[in-house]
Structure formats: C-alpha cells, structure tokens
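S.K.: One file: target.txt (compact mmCIF, N, CA, C and O atoms).
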```txt
# COMPACT_ATOMS: atom_id res chain seq x y z
N MET A 148 33.59 18.06 8.85
CA MET A 148 32.86 18.26 7.63
C MET A 148 31.43 17.74 7.81
O MET A 148 31.22 16.67 8.36
N ASN A 149 30.44 18.49 7.35
CA ASN A 149 29.04 18.09 7.45
C ASN A 149 28.71 17.03 6.40
O ASN A 149 29.20 17.10 5.27
N PRO A 150 27.84 16.08 6.75
CA PRO A 150 27.45 15.07 5.76
C PRO A 150 26.57 15.69 4.66
O PRO A 150 25.89 16.69 4.89
N LEU A 151 26.58 15.08 3.51
CA LEU A 151 25.76 15.51 2.40
C LEU A 151 24.30 15.13 2.67
O LEU A 151 24.02 14.00 3.08
N LEU A 152 23.38 16.05 2.47
CA LEU A 152 21.95 15.78 2.62
C LEU A 152 21.33 15.68 1.23
O LEU A 152 21.58 16.51 0.37
N LEU A 153 20.51 14.67 1.04
CA LEU A 153 19.86 14.45 -0.26
C LEU A 153 18.43 14.96 -0.20
O LEU A 153 17.63 14.55 0.64
N ASN A 154 18.09 15.89 -1.10
CA ASN A 154 16.78 16.51 -1.18
C ASN A 154 16.08 16.04 -2.46
O ASN A 154 16.75 15.77 -3.46
N CYS A 155 14.75 15.97 -2.46
CA CYS A 155 14.01 15.46 -3.61
C CYS A 155 12.68 16.18 -3.76
O CYS A 155 12.02 16.47 -2.77
N ASP A 156 12.30 16.50 -5.00
CA ASP A 156 10.97 17.03 -5.28
C ASP A 156 10.01 15.85 -5.36
O ASP A 156 10.30 14.85 -6.02
N MET A 157 8.85 15.96 -4.70
CA MET A 157 7.90 14.85 -4.65
C MET A 157 6.47 15.35 -4.77
O MET A 157 6.20 16.54 -4.65
N GLY A 158 5.57 14.41 -4.97
CA GLY A 158 4.14 14.73 -5.00
C GLY A 158 3.70 15.45 -6.25
O GLY A 158 2.72 16.18 -6.23
N GLU A 159 4.40 15.27 -7.36
CA GLU A 159 4.09 16.01 -8.57
C GLU A 159 3.12 15.29 -9.51
O GLU A 159 2.82 15.79 -10.58
N SER A 160 2.64 14.12 -9.11
CA SER A 160 1.65 13.42 -9.93
C SER A 160 0.34 14.19 -9.92
O SER A 160 0.06 14.97 -9.01
N PHE A 161 -0.47 13.97 -10.93
CA PHE A 161 -1.74 14.66 -11.01
C PHE A 161 -2.77 13.70 -11.60
O PHE A 161 -2.68 13.35 -12.78
N GLY A 162 -3.71 13.26 -10.77
CA GLY A 162 -4.75 12.34 -11.24
C GLY A 162 -4.15 11.07 -11.80
O GLY A 162 -3.40 10.37 -11.13
N ALA A 163 -4.48 10.77 -13.06
CA ALA A 163 -4.01 9.54 -13.71
C ALA A 163 -2.55 9.63 -14.17
O ALA A 163 -1.96 8.63 -14.57
N TRP A 164 -1.95 10.82 -14.13
CA TRP A 164 -0.57 11.01 -14.61
C TRP A 164 0.41 10.87 -13.45
O TRP A 164 0.57 11.76 -12.64
N THR A 165 1.08 9.73 -13.40
CA THR A 165 2.04 9.45 -12.33
C THR A 165 3.41 9.98 -12.74
O THR A 165 3.92 9.65 -13.80
N MET A 166 3.98 10.80 -11.89
CA MET A 166 5.31 11.36 -12.10
C MET A 166 6.22 10.89 -10.97
O MET A 166 5.92 11.11 -9.81
N GLY A 167 7.29 10.24 -11.31
CA GLY A 167 8.25 9.81 -10.29
C GLY A 167 7.79 8.58 -9.53
O GLY A 167 6.70 8.06 -9.73
N ARG A 168 8.67 8.12 -8.65
CA ARG A 168 8.39 6.94 -7.83
C ARG A 168 8.65 7.32 -6.37
O ARG A 168 9.57 6.82 -5.72
N ASP A 169 7.80 8.21 -5.88
CA ASP A 169 7.98 8.80 -4.55
C ASP A 169 8.16 7.78 -3.44
O ASP A 169 9.08 7.89 -2.63
N ALA A 170 7.28 6.80 -3.36
CA ALA A 170 7.33 5.83 -2.26
C ALA A 170 8.64 5.04 -2.27
O ALA A 170 9.17 4.71 -1.20
N GLU A 171 9.18 4.77 -3.43
CA GLU A 171 10.41 4.00 -3.52
C GLU A 171 11.65 4.81 -3.11
O GLU A 171 12.61 4.27 -2.57
N ILE A 172 11.63 6.10 -3.38
CA ILE A 172 12.81 6.93 -3.09
C ILE A 172 12.80 7.46 -1.65
O ILE A 172 13.85 7.78 -1.10
N MET A 173 11.63 7.50 -1.00
CA MET A 173 11.50 8.08 0.34
C MET A 173 12.52 7.54 1.35
O MET A 173 13.11 8.34 2.09
N PRO A 174 12.79 6.24 1.42
CA PRO A 174 13.77 5.76 2.42
C PRO A 174 15.20 6.24 2.17
O PRO A 174 16.04 6.13 3.06
N HIS A 175 15.50 6.77 1.00
CA HIS A 175 16.86 7.13 0.63
C HIS A 175 17.16 8.62 0.69
O HIS A 175 18.28 9.03 0.37
N ILE A 176 16.18 9.43 1.07
CA ILE A 176 16.39 10.88 1.09
C ILE A 176 16.34 11.43 2.51
O ILE A 176 15.83 10.78 3.42
N ASP A 177 16.88 12.63 2.68
CA ASP A 177 16.88 13.29 3.98
C ASP A 177 15.75 14.31 4.12
O ASP A 177 15.25 14.53 5.21
N CYS A 178 15.38 14.94 3.02
CA CYS A 178 14.30 15.93 3.04
C CYS A 178 13.64 15.98 1.67
O CYS A 178 14.20 15.53 0.68
N ALA A 179 12.41 16.52 1.65
CA ALA A 179 11.65 16.55 0.40
C ALA A 179 10.92 17.87 0.24
O ALA A 179 10.54 18.51 1.21
N ASN A 180 10.75 18.26 -1.02
CA ASN A 180 9.92 19.40 -1.38
C ASN A 180 8.62 18.81 -1.93
O ASN A 180 8.64 18.13 -2.95
N ILE A 181 7.51 19.04 -1.24
CA ILE A 181 6.23 18.48 -1.65
C ILE A 181 5.51 19.50 -2.53
O ILE A 181 5.37 20.66 -2.14
N ALA A 182 5.04 19.05 -3.71
CA ALA A 182 4.32 19.95 -4.62
C ALA A 182 3.12 20.55 -3.90
O ALA A 182 2.47 19.89 -3.08
N CYS A 183 2.82 21.81 -4.20
CA CYS A 183 1.72 22.49 -3.50
C CYS A 183 0.48 22.67 -4.36
O CYS A 183 -0.45 23.34 -3.97
N GLY A 184 0.45 22.07 -5.55
CA GLY A 184 -0.76 22.06 -6.35
C GLY A 184 -0.91 23.17 -7.36
O GLY A 184 -1.89 23.22 -8.08
N PHE A 185 0.03 24.09 -7.46
CA PHE A 185 -0.12 25.18 -8.43
C PHE A 185 0.26 24.72 -9.84
O PHE A 185 -0.52 24.82 -10.76
N HIS A 186 1.46 24.19 -9.99
CA HIS A 186 1.88 23.72 -11.31
C HIS A 186 2.00 22.20 -11.37
O HIS A 186 2.14 21.63 -12.44
N ALA A 187 1.95 21.54 -10.22
CA ALA A 187 2.06 20.08 -10.18
C ALA A 187 1.40 19.58 -8.91
O ALA A 187 1.30 20.30 -7.92
N GLY A 188 0.96 18.35 -8.94
CA GLY A 188 0.36 17.73 -7.77
C GLY A 188 -1.13 18.00 -7.66
O GLY A 188 -1.63 18.99 -8.16
N ASP A 189 -1.83 17.08 -7.03
CA ASP A 189 -3.24 17.28 -6.73
C ASP A 189 -3.44 16.98 -5.25
O ASP A 189 -2.53 16.46 -4.60
N PRO A 190 -4.57 17.33 -4.67
CA PRO A 190 -4.75 17.17 -3.22
C PRO A 190 -4.49 15.76 -2.71
O PRO A 190 -3.87 15.59 -1.66
N GLN A 191 -4.94 14.74 -3.41
CA GLN A 191 -4.75 13.37 -2.94
C GLN A 191 -3.27 12.97 -2.93
O GLN A 191 -2.79 12.34 -1.99
N VAL A 192 -2.56 13.34 -3.97
CA VAL A 192 -1.13 13.02 -4.05
C VAL A 192 -0.37 13.74 -2.95
O VAL A 192 0.48 13.16 -2.28
N MET A 193 -0.68 15.00 -2.72
CA MET A 193 0.02 15.76 -1.68
C MET A 193 -0.22 15.17 -0.30
O MET A 193 0.72 15.02 0.48
N VAL A 194 -1.45 14.78 0.00
CA VAL A 194 -1.75 14.18 1.30
C VAL A 194 -1.00 12.87 1.47
O VAL A 194 -0.42 12.60 2.53
N ARG A 195 -0.97 12.04 0.43
CA ARG A 195 -0.24 10.77 0.52
C ARG A 195 1.24 10.99 0.80
O ARG A 195 1.85 10.30 1.60
N ARG A 196 1.86 11.97 0.15
CA ARG A 196 3.28 12.23 0.36
C ARG A 196 3.53 12.73 1.76
O ARG A 196 4.47 12.30 2.42
N VAL A 197 2.74 13.67 2.26
CA VAL A 197 2.96 14.23 3.58
C VAL A 197 2.73 13.15 4.64
O VAL A 197 3.53 13.02 5.57
N CYS A 198 1.68 12.37 4.54
CA CYS A 198 1.41 11.32 5.51
C CYS A 198 2.48 10.25 5.48
O CYS A 198 2.90 9.75 6.51
N ARG A 199 2.95 9.89 4.31
CA ARG A 199 4.01 8.88 4.17
C ARG A 199 5.31 9.37 4.78
O ARG A 199 6.07 8.61 5.37
N SER A 200 5.58 10.66 4.70
CA SER A 200 6.84 11.20 5.21
C SER A 200 6.92 11.13 6.72
O SER A 200 7.99 11.19 7.28
N ARG A 201 5.80 10.97 7.40
CA ARG A 201 5.80 10.91 8.86
C ARG A 201 6.00 9.50 9.39
O ARG A 201 6.08 9.29 10.57
N LEU A 202 6.05 8.49 8.52
CA LEU A 202 6.22 7.10 8.97
C LEU A 202 7.66 6.82 9.35
O LEU A 202 8.57 7.40 8.91
```
Mind turning the file's structure into structure tokens?

M.R.:
Amino acid sequence: MNPLLLNCDMGESFGAWTMGRDAEIMPHIDCANIACGFHAGDPQVMVRRVCRSRL
C-alpha cells in the first residue's frame, strides 16, 4: 500500500493580508500548490514560498 501524501495550497497572502501559516506547515507536508498571482498571492509571497520549499 502506498503512503498517504499531504498536499497544501500556499502563498495566497497578498500584501498586508496574511492568509495561512505557510512557514509553520511546510515541514509537515509532502507537496504544495503555490498561488500564481491571478486570484491570490503577490510576487513577494510567491518567491518566499518557492525559495523556502527548496530548503
């Protein structure tokens, strides 16, 4: 049987509006969907999430 993988939507904050606690949940997930800026997320938030995911 394959193990369960935990996926999470991240990087959805926008400017002063913080959504979620991305940095805190990162160690507990297997993969993430990073917001692409159309309906959620801004460039700075997206870069922080992608760079953090490589650590």

S.K.: With only C-alpha atoms as the basis for distance, which of A:Cys198, A:Ala170, A:Met157, A:Ala163 is at the shortest distance from Cys183 (chain A)?

M.R.: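 Of the candidates, the smallest distance to Cys183 (chain A) is held by A:Met157.
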
S.K.: So what do you get for atom O of Trp164 (chain A) versus atom C of Cys178 (chain A), distance-wise?

M.R.: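 Atom C of Cys178 (chain A) lies at a distance of 19.8 Å from atom O of Trp164 (chain A).
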
S.K.: Give me, please, the distance in Å between atom N of Met193 (chain A) and atom O of Gly158 (chain A), quoted to one decimal.

M.R.: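 Going from atom N of Met193 (chain A) over to atom O of Gly158 (chain A), I get 5.0 Å.
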
S.K.: Near Ile172 (chain A), counting only C-alpha atoms, which residues have an atom at most 10 Å away, once you skip same-chain residues fewer than 4 positions from it, shown as a list in words?

M.R.: Cys155, Met157, Gly167, Arg168 and Ile176 of chain A

S.K.: Point out the residue among A:Val194, A:Asn149, A:Asp169, A:Glu159 with the least atom-to-atom distance to Ala182 (chain A), counting only C-alpha atoms.

M.R.: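 Nearest candidate to Ala182 (chain A) out of A:Val194, A:Asn149, A:Asp169, A:Glu159: A:Glu159.
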
S.K.: Using the chain letters and numbers from this document, which residues of chain A does DSSP assign to alpha helix (DSSP H), as number ranges by chain?

M.R.: A: 169-172, 190-200

S.K.: Work out how far apart CA of Ala187 (chain A) and atom N of Phe161 (chain A) are and give it in Å to one decimal.

M.R.: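 Going from CA of Ala187 (chain A) over to atom N of Phe161 (chain A), I get 6.7 Å.
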
S.K.: From the DSSP assignment of the backbone, select every residue of chain A that is strand (DSSP E), and format the answer as a PDB file with N, CA, C and O atoms, in the frame of the given file.

M.R.:
```
ATOM      1  N   ASN A 154      18.090  15.890  -1.100  1.00  0.00           N
ATOM      2  CA  ASN A 154      16.780  16.510  -1.180  1.00  0.00           C
ATOM      3  C   ASN A 154      16.080  16.040  -2.460  1.00  0.00           C
ATOM      4  O   ASN A 154      16.750  15.770  -3.460  1.00  0.00           O
ATOM      5  N   CYS A 155      14.750  15.970  -2.460  1.00  0.00           N
ATOM      6  CA  CYS A 155      14.010  15.460  -3.610  1.00  0.00           C
ATOM      7  C   CYS A 155      12.680  16.180  -3.760  1.00  0.00           C
ATOM      8  O   CYS A 155      12.020  16.470  -2.770  1.00  0.00           O
ATOM      9  N   ASP A 156      12.300  16.500  -5.000  1.00  0.00           N
ATOM     10  CA  ASP A 156      10.970  17.030  -5.280  1.00  0.00           C
ATOM     11  C   ASP A 156      10.010  15.850  -5.360  1.00  0.00           C
ATOM     12  O   ASP A 156      10.300  14.850  -6.020  1.00  0.00           O
ATOM     13  N   MET A 157       8.850  15.960  -4.700  1.00  0.00           N
ATOM     14  CA  MET A 157       7.900  14.850  -4.650  1.00  0.00           C
ATOM     15  C   MET A 157       6.470  15.350  -4.770  1.00  0.00           C
ATOM     16  O   MET A 157       6.200  16.540  -4.650  1.00  0.00           O
ATOM     17  N   CYS A 178      15.380  14.940   3.020  1.00  0.00           N
ATOM     18  CA  CYS A 178      14.300  15.930   3.040  1.00  0.00           C
ATOM     19  C   CYS A 178      13.640  15.980   1.670  1.00  0.00           C
ATOM     20  O   CYS A 178      14.200  15.530   0.680  1.00  0.00           O
ATOM     21  N   ALA A 179      12.410  16.520   1.650  1.00  0.00           N
ATOM     22  CA  ALA A 179      11.650  16.550   0.400  1.00  0.00           C
ATOM     23  C   ALA A 179      10.920  17.870   0.240  1.00  0.00           C
ATOM     24  O   ALA A 179      10.540  18.510   1.210  1.00  0.00           O
ATOM     25  N   ASN A 180      10.750  18.260  -1.020  1.00  0.00           N
ATOM     26  CA  ASN A 180       9.920  19.400  -1.380  1.00  0.00           C
ATOM     27  C   ASN A 180       8.620  18.810  -1.930  1.00  0.00           C
ATOM     28  O   ASN A 180       8.640  18.130  -2.950  1.00  0.00           O
ATOM     29  N   ILE A 181       7.510  19.040  -1.240  1.00  0.00           N
ATOM     30  CA  ILE A 181       6.230  18.480  -1.650  1.00  0.00           C
ATOM     31  C   ILE A 181       5.510  19.500  -2.530  1.00  0.00           C
ATOM     32  O   ILE A 181       5.370  20.660  -2.140  1.00  0.00           O
TER      33      ILE A 181
END
```

S.K.: Nearest to Leu153 (chain A) among A:Asp189, A:Asn180, A:Arg196, A:Met166, with distances taken over only C-alpha atoms: which residue is it?

M.R.: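 Counting only C-alpha atoms, the residue closest to Leu153 (chain A) is A:Asn180.
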
S.K.: Nearest to Gln191 (chain A) among A:Pro150, A:Ala179, A:Ser160, A:Glu171, with distances taken over all atoms listed in the file: which residue is it?

M.R.: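 Answer, going by the shortest atom-to-atom distance: A:Ser160.
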